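What follows is one structure encoded as structure tokens, with my remarks underneath.
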Amino acid sequence: MTIDIDDYRGVWVFVEQHDGEAVPVSWELLTKGRELADEMGEPLTALVMGDGVSHLADEAVRRGADHALLADDPVFEPYRADPYGEQFRTLVEERKPSIVLIGGTHTGRDFAGRVAVPAHAGLTADCTELDVDDEGLLLASRPTFGGDAMATIKCPSHRPQMATVRAGVFDASDPVETDVDADAVEEVSVVVEEKDTLSKVIERVVSDVVDITDADVVVAGGAGCEGNFGPIVELAEALGGEVAASRAAVDEGWVEPARQVGQTGKTVRPHLYIAAGISGAVQHLEGMNDSDYVVAINTDPNAAIFDNADYGIVGDLHEVLPQLTAMIREKQEVVA
């Protein structure tokens with residue numbers, strides 16, 4: 001398929017929402033999309049899909065979008081890949097954006113391909129870095145070879161240039177408290193009908209796995225836990241934080257993959273990150289190096305994690321963490 005690349009212009013960001021509440025990665029991408037659009041000298045557009053979600057289109061404009069496209073219809077609630085994919089693909093083919101950014105969530109990964117394949121677009125999955133070159137080509141970077149290297153991918157011959165992006169790798173700007181111009185939000189025609197959809201939602205089950213990317217305190221364990229995550233869990237509970245792990249601990253089956261931090265896991269930005277029994281491999285550091293404060297506990301005084309920590313304790317985590325937990329609980333009892 002031959003296309004005229006010059007016909008494609010602008011940066012689009014998909015605003016993912018569930019039950020009328022935006023997923024945080026959407027606002028993170030909107031902030032990054034604003035940077036890319038400004039570098040290219042092109043407009044930034046937010047795409048909002050759902051039922052009764054006009055408030056999110058307004059918020060997208062207040063968060064930096066020049067324009068918001070709103071597809072508002074009951075067919076989009078709850079999420080299903082076929083109506084979302086069909087609507088998105090139609091808009092992409094009609095309006096021809098140069099770059100399209102989608103959160104690397106279960107939803108984003110599910111329907112991005114339904115847009116990219118029929119539209120003959122280029123799609124890079126699970127990106128952790130984004131930039132544009134002097135020609136306006138998207139530089140989409142992602143971990144490869146099991147996290148041992150980074151690959152930067154260009155798409156010179158197809159449009160749009162699409163990327164799904166991992167949550168937590170960019171900061172989200174706060175919305176500006178101002179009235180939204182009526183012309184800034186455009187309600188588009190809905191091209192799908194319920195009778196034409198191939199899937200139906202029979203039951204919705206909410207997962208009990210917490211998203212560690214939202215945690216303000218993270219206590220992570222690594223190979224040094226030797227299969228005993230009890231001290232990690234107890235300290236996290238005392239601090240009101242979440243348990244996380246390195247890839248080594250996940251590979252051993254000690255912790256579920258949803259709690260893995262690193263290039264092949266999740267990116268976290270907590271106020272406090274405690275790394276216990278983690279050596280400090282670069283793949284892990286990539287997932288937590290934007291934490292405000294890092295405390296490392298390791299028996300090896302030469303462990304790389306200490307070079308990336310604000311505070312370090314050389315010692316056995318099985319001895320150190322219970323003492324920290326006891327001290328914290330004692331302080332809590334005094335305050336109570």
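Chain labels follow the order of the structure tokens: the first chain is A, the next B, and so on; residue numbering restarts at 1 in every chain, and ligands are counted from 1 in their shown order.
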
Those of stretch 33-250 of chain A in DSSP helix (DSSP H, G or I), formatted as a compact mmCIF listing (two decimals) with N, CA, C and O atoms, in the first residue's frame:
# COMPACT_ATOMS: atom_id res chain seq x y z
N GLY A 33 2.95 13.88 24.62
CA GLY A 33 2.45 14.22 23.30
C GLY A 33 2.55 15.71 23.02
O GLY A 33 2.85 16.14 21.90
N ARG A 34 2.32 16.53 24.06
CA ARG A 34 2.44 17.98 23.92
C ARG A 34 3.87 18.36 23.54
O ARG A 34 4.10 19.22 22.68
N GLU A 35 4.85 17.71 24.18
CA GLU A 35 6.25 17.97 23.88
C GLU A 35 6.57 17.62 22.42
O GLU A 35 7.22 18.39 21.70
N LEU A 36 6.12 16.44 22.00
CA LEU A 36 6.40 15.99 20.64
C LEU A 36 5.73 16.90 19.61
O LEU A 36 6.33 17.27 18.60
N ALA A 37 4.47 17.26 19.86
CA ALA A 37 3.74 18.12 18.94
C ALA A 37 4.42 19.49 18.81
O ALA A 37 4.51 20.05 17.71
N ASP A 38 4.89 20.02 19.94
CA ASP A 38 5.57 21.32 19.91
C ASP A 38 6.87 21.23 19.11
O ASP A 38 7.22 22.16 18.37
N GLU A 39 7.61 20.13 19.28
CA GLU A 39 8.85 19.95 18.52
C GLU A 39 8.57 19.90 17.02
O GLU A 39 9.36 20.40 16.22
N MET A 40 7.45 19.28 16.65
CA MET A 40 7.10 19.13 15.24
C MET A 40 6.37 20.34 14.69
O MET A 40 6.20 20.47 13.47
N SER A 54 -17.95 13.22 28.20
CA SER A 54 -17.57 14.53 27.67
C SER A 54 -16.66 15.30 28.63
O SER A 54 -15.85 16.12 28.21
N HIS A 55 -16.80 15.01 29.94
CA HIS A 55 -15.95 15.70 30.92
C HIS A 55 -14.48 15.37 30.72
O HIS A 55 -13.60 16.20 31.01
N LEU A 56 -14.19 14.18 30.20
CA LEU A 56 -12.81 13.80 29.95
C LEU A 56 -12.24 14.52 28.72
O LEU A 56 -11.05 14.83 28.68
N ALA A 57 -13.10 14.77 27.74
CA ALA A 57 -12.65 15.55 26.58
C ALA A 57 -12.30 16.97 27.01
O ALA A 57 -11.28 17.53 26.59
N ASP A 58 -13.11 17.54 27.89
CA ASP A 58 -12.81 18.88 28.43
C ASP A 58 -11.50 18.86 29.22
O ASP A 58 -10.68 19.77 29.09
N GLU A 59 -11.33 17.83 30.03
CA GLU A 59 -10.10 17.75 30.84
C GLU A 59 -8.87 17.60 29.96
O GLU A 59 -7.81 18.15 30.27
N ALA A 60 -9.01 16.85 28.87
CA ALA A 60 -7.87 16.67 27.96
C ALA A 60 -7.41 18.01 27.40
O ALA A 60 -6.20 18.27 27.27
N VAL A 61 -8.36 18.87 27.08
CA VAL A 61 -8.01 20.20 26.59
C VAL A 61 -7.34 21.02 27.69
O VAL A 61 -6.33 21.71 27.46
N ARG A 62 -7.86 20.91 28.90
CA ARG A 62 -7.25 21.64 30.02
C ARG A 62 -5.86 21.10 30.36
O ARG A 62 -5.06 21.80 30.97
N PRO A 74 -23.32 4.47 24.07
CA PRO A 74 -23.36 3.28 24.94
C PRO A 74 -22.61 2.07 24.38
O PRO A 74 -22.21 1.19 25.15
N VAL A 75 -22.38 2.02 23.06
CA VAL A 75 -21.68 0.88 22.48
C VAL A 75 -20.24 0.78 22.99
O VAL A 75 -19.63 -0.28 22.93
N PHE A 76 -19.72 1.89 23.52
CA PHE A 76 -18.33 1.89 24.00
C PHE A 76 -18.19 1.59 25.50
O PHE A 76 -17.09 1.70 26.05
N ALA A 81 -12.94 -4.74 22.34
CA ALA A 81 -11.94 -4.42 21.32
C ALA A 81 -12.55 -4.09 19.97
O ALA A 81 -12.04 -3.20 19.27
N ASP A 82 -13.64 -4.79 19.58
CA ASP A 82 -14.14 -4.58 18.22
C ASP A 82 -14.74 -3.19 18.00
O ASP A 82 -14.39 -2.52 17.02
N PRO A 83 -15.66 -2.68 18.85
CA PRO A 83 -16.15 -1.33 18.58
C PRO A 83 -15.09 -0.26 18.75
O PRO A 83 -15.04 0.71 17.98
N TYR A 84 -14.23 -0.41 19.75
CA TYR A 84 -13.16 0.57 19.94
C TYR A 84 -12.23 0.58 18.74
O TYR A 84 -11.86 1.64 18.22
N GLY A 85 -11.81 -0.59 18.31
CA GLY A 85 -10.89 -0.69 17.19
C GLY A 85 -11.47 -0.14 15.90
O GLY A 85 -10.80 0.58 15.15
N GLU A 86 -12.74 -0.45 15.63
CA GLU A 86 -13.38 0.02 14.40
C GLU A 86 -13.53 1.54 14.39
O GLU A 86 -13.27 2.21 13.39
N GLN A 87 -13.96 2.10 15.51
CA GLN A 87 -14.13 3.55 15.60
C GLN A 87 -12.79 4.26 15.45
O GLN A 87 -12.66 5.23 14.69
N PHE A 88 -11.80 3.77 16.16
CA PHE A 88 -10.48 4.39 16.13
C PHE A 88 -9.89 4.30 14.73
O PHE A 88 -9.37 5.28 14.18
N ARG A 89 -9.97 3.12 14.10
CA ARG A 89 -9.41 2.93 12.76
C ARG A 89 -10.06 3.89 11.77
O ARG A 89 -9.38 4.50 10.94
N THR A 90 -11.37 4.03 11.85
CA THR A 90 -12.08 4.91 10.92
C THR A 90 -11.60 6.35 11.05
O THR A 90 -11.35 7.04 10.05
N LEU A 91 -11.45 6.81 12.28
CA LEU A 91 -11.00 8.18 12.51
C LEU A 91 -9.56 8.38 12.02
O LEU A 91 -9.23 9.42 11.43
N VAL A 92 -8.71 7.38 12.24
CA VAL A 92 -7.32 7.46 11.79
C VAL A 92 -7.26 7.56 10.27
O VAL A 92 -6.51 8.37 9.71
N GLU A 93 -8.04 6.75 9.59
CA GLU A 93 -8.02 6.75 8.13
C GLU A 93 -8.60 8.04 7.55
O GLU A 93 -8.15 8.53 6.52
N GLU A 94 -9.60 8.60 8.24
CA GLU A 94 -10.22 9.84 7.76
C GLU A 94 -9.36 11.07 8.04
O GLU A 94 -9.22 11.95 7.19
N ARG A 95 -8.76 11.12 9.23
CA ARG A 95 -8.12 12.36 9.67
C ARG A 95 -6.60 12.35 9.53
O ARG A 95 -5.97 13.39 9.63
N HIS A 106 -3.71 -3.27 29.45
CA HIS A 106 -4.40 -4.42 28.85
C HIS A 106 -5.32 -3.95 27.73
O HIS A 106 -5.39 -4.56 26.66
N THR A 107 -6.00 -2.84 27.96
CA THR A 107 -6.91 -2.30 26.94
C THR A 107 -6.15 -1.82 25.72
O THR A 107 -6.48 -2.15 24.58
N GLY A 108 -5.12 -1.01 25.95
CA GLY A 108 -4.36 -0.47 24.84
C GLY A 108 -3.72 -1.54 23.98
O GLY A 108 -3.77 -1.49 22.74
N ARG A 109 -3.13 -2.53 24.62
CA ARG A 109 -2.51 -3.62 23.87
C ARG A 109 -3.53 -4.45 23.12
O ARG A 109 -3.25 -5.00 22.06
N ASP A 110 -4.73 -4.50 23.68
CA ASP A 110 -5.77 -5.34 23.09
C ASP A 110 -6.26 -4.79 21.76
O ASP A 110 -6.47 -5.55 20.82
N PHE A 111 -6.44 -3.47 21.68
CA PHE A 111 -7.06 -2.96 20.45
C PHE A 111 -6.11 -2.20 19.53
O PHE A 111 -6.48 -1.88 18.39
N ALA A 112 -4.87 -1.90 19.97
CA ALA A 112 -3.95 -1.15 19.11
C ALA A 112 -3.72 -1.85 17.79
O ALA A 112 -3.68 -1.23 16.72
N GLY A 113 -3.56 -3.17 17.84
CA GLY A 113 -3.33 -3.93 16.62
C GLY A 113 -4.53 -3.91 15.68
O GLY A 113 -4.37 -4.01 14.45
N ARG A 114 -5.72 -3.76 16.24
CA ARG A 114 -6.93 -3.69 15.42
C ARG A 114 -6.98 -2.39 14.63
O ARG A 114 -7.73 -2.28 13.65
N VAL A 115 -6.23 -1.41 15.08
CA VAL A 115 -6.12 -0.17 14.34
C VAL A 115 -4.95 -0.23 13.36
O VAL A 115 -5.07 0.11 12.18
N ALA A 116 -3.81 -0.71 13.85
CA ALA A 116 -2.58 -0.67 13.06
C ALA A 116 -2.62 -1.58 11.83
O ALA A 116 -2.19 -1.19 10.75
N VAL A 117 -3.12 -2.80 11.99
CA VAL A 117 -3.06 -3.76 10.88
C VAL A 117 -3.91 -3.32 9.69
O VAL A 117 -3.40 -3.19 8.58
N PRO A 118 -5.23 -3.07 9.86
CA PRO A 118 -6.01 -2.66 8.69
C PRO A 118 -5.63 -1.30 8.14
O PRO A 118 -5.83 -1.02 6.95
N ALA A 119 -5.08 -0.43 8.99
CA ALA A 119 -4.68 0.90 8.53
C ALA A 119 -3.27 0.90 7.93
O ALA A 119 -2.80 1.93 7.45
N PHE A 145 15.71 -8.12 23.91
CA PHE A 145 16.60 -9.18 24.39
C PHE A 145 16.47 -9.37 25.90
O PHE A 145 17.45 -9.39 26.65
N GLY A 146 15.21 -9.47 26.35
CA GLY A 146 14.94 -9.71 27.76
C GLY A 146 15.33 -8.57 28.66
O GLY A 146 15.56 -8.76 29.86
N GLY A 147 15.40 -7.36 28.10
CA GLY A 147 15.75 -6.19 28.90
C GLY A 147 17.23 -5.90 28.90
O GLY A 147 17.67 -4.94 29.55
N ALA A 182 -15.77 25.97 23.25
CA ALA A 182 -16.71 25.01 22.66
C ALA A 182 -16.16 24.38 21.38
O ALA A 182 -16.45 23.22 21.06
N ASP A 183 -15.33 25.13 20.65
CA ASP A 183 -14.77 24.62 19.40
C ASP A 183 -13.63 23.63 19.63
O ASP A 183 -13.18 22.97 18.68
N ALA A 184 -13.15 23.54 20.88
CA ALA A 184 -12.00 22.67 21.14
C ALA A 184 -12.39 21.20 21.23
O ALA A 184 -11.55 20.31 21.10
N GLU A 194 -24.40 -1.56 18.11
CA GLU A 194 -24.40 -2.75 18.96
C GLU A 194 -24.72 -4.00 18.19
O GLU A 194 -24.12 -5.06 18.41
N LYS A 195 -25.65 -3.92 17.26
CA LYS A 195 -26.07 -5.11 16.52
C LYS A 195 -24.96 -5.67 15.63
O LYS A 195 -25.00 -6.84 15.23
N ASP A 196 -23.95 -4.85 15.33
CA ASP A 196 -22.87 -5.29 14.45
C ASP A 196 -21.64 -5.79 15.20
O ASP A 196 -20.69 -6.28 14.58
N ILE A 212 1.00 -1.27 41.06
CA ILE A 212 2.09 -0.70 41.85
C ILE A 212 2.57 0.64 41.31
O ILE A 212 3.25 1.38 42.01
N THR A 213 2.20 0.98 40.07
CA THR A 213 2.65 2.25 39.50
C THR A 213 2.01 3.44 40.20
O THR A 213 2.49 4.57 40.08
N ASP A 214 0.93 3.22 40.94
CA ASP A 214 0.26 4.30 41.66
C ASP A 214 0.71 4.43 43.11
O ASP A 214 0.27 5.34 43.81
N ALA A 223 16.59 -11.37 44.73
CA ALA A 223 17.12 -12.72 44.94
C ALA A 223 17.56 -12.94 46.38
O ALA A 223 17.50 -14.06 46.89
N GLY A 224 17.96 -11.86 47.05
CA GLY A 224 18.42 -11.97 48.43
C GLY A 224 17.33 -12.38 49.41
O GLY A 224 17.64 -12.75 50.55
N CYS A 225 16.08 -12.35 48.98
CA CYS A 225 14.99 -12.80 49.86
C CYS A 225 15.02 -14.32 50.05
O CYS A 225 14.46 -14.84 51.02
N GLY A 230 8.22 -12.66 53.49
CA GLY A 230 7.51 -12.23 54.69
C GLY A 230 7.97 -10.88 55.21
O GLY A 230 7.14 -9.99 55.45
N PRO A 231 9.28 -10.65 55.37
CA PRO A 231 9.73 -9.34 55.87
C PRO A 231 9.39 -8.20 54.91
O PRO A 231 9.12 -7.08 55.37
N ILE A 232 9.37 -8.48 53.60
CA ILE A 232 9.00 -7.46 52.62
C ILE A 232 7.53 -7.07 52.82
O ILE A 232 7.18 -5.88 52.87
N VAL A 233 6.69 -8.08 52.92
CA VAL A 233 5.25 -7.84 53.06
C VAL A 233 4.94 -7.09 54.35
O VAL A 233 4.16 -6.13 54.36
N GLU A 234 5.58 -7.50 55.44
CA GLU A 234 5.30 -6.86 56.73
C GLU A 234 5.72 -5.40 56.76
O GLU A 234 5.01 -4.54 57.29
N LEU A 235 6.88 -5.09 56.16
CA LEU A 235 7.33 -3.70 56.11
C LEU A 235 6.41 -2.86 55.22
O LEU A 235 6.07 -1.72 55.56
N ALA A 236 6.01 -3.42 54.08
CA ALA A 236 5.10 -2.70 53.19
C ALA A 236 3.78 -2.40 53.89
O ALA A 236 3.23 -1.29 53.77
N GLU A 237 3.26 -3.36 54.64
CA GLU A 237 2.01 -3.14 55.37
C GLU A 237 2.17 -2.06 56.43
O GLU A 237 1.29 -1.21 56.62
N ALA A 238 3.30 -2.07 57.12
CA ALA A 238 3.54 -1.07 58.16
C ALA A 238 3.62 0.34 57.59
O ALA A 238 3.19 1.30 58.21
N LEU A 239 4.16 0.45 56.38
CA LEU A 239 4.32 1.74 55.74
C LEU A 239 3.13 2.15 54.90
O LEU A 239 3.10 3.26 54.35
N ARG A 247 13.17 -8.93 38.72
CA ARG A 247 12.87 -10.02 37.80
C ARG A 247 13.31 -11.37 38.36
O ARG A 247 12.63 -12.38 38.16
N ALA A 248 14.44 -11.37 39.08
CA ALA A 248 14.94 -12.63 39.64
C ALA A 248 13.92 -13.25 40.57
O ALA A 248 13.69 -14.47 40.54
N ALA A 249 13.28 -12.43 41.42
CA ALA A 249 12.29 -12.95 42.36
C ALA A 249 11.03 -13.43 41.64
O ALA A 249 10.42 -14.43 42.02
N VAL A 250 10.65 -12.72 40.59
CA VAL A 250 9.47 -13.13 39.81
C VAL A 250 9.75 -14.43 39.07
O VAL A 250 8.91 -15.33 39.02

**OP:** Tell me which protein, DNA and RNA residues are within 7 Å of A:Leu123, counting only C-alpha atoms, leaving out same-chain ones fewer than 3 positions away, and put them as a list of chain:residue names.
**Re:**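 My list of contacting residues is A:Ala116, A:Gln161, A:Met162, A:Ala163.
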
Would you mind exporting C-alpha atoms of the selected residues as a tab-separated table (two decimals), in the first residue's frame?
chain	number	residue	atom	x	y	z
A	116	ALA	CA	-2.58	-0.67	13.06
A	161	GLN	CA	3.39	5.96	13.51
A	162	MET	CA	1.84	4.20	16.49
A	163	ALA	CA	3.22	3.26	19.89

Original post:
Would you give me, as a list of chain:residue names, the residues in stretch 198-262 of chain A that DSSP reads as strand (DSSP E or B)?
Top reply: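 Residues of stretch 198-262 of chain A classed as strand (DSSP E or B): A:Val217, A:Val218, A:Val219, A:Ala220, A:Gly221, A:Glu242, A:Val243, A:Ala244, A:Ala245, A:Gln260, A:Val261.
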
Subject >> atom CA of A:Lys200 to atom CA of A:Arg80, distance in Å rounded to a single decimal >> reply: 7.9 Å
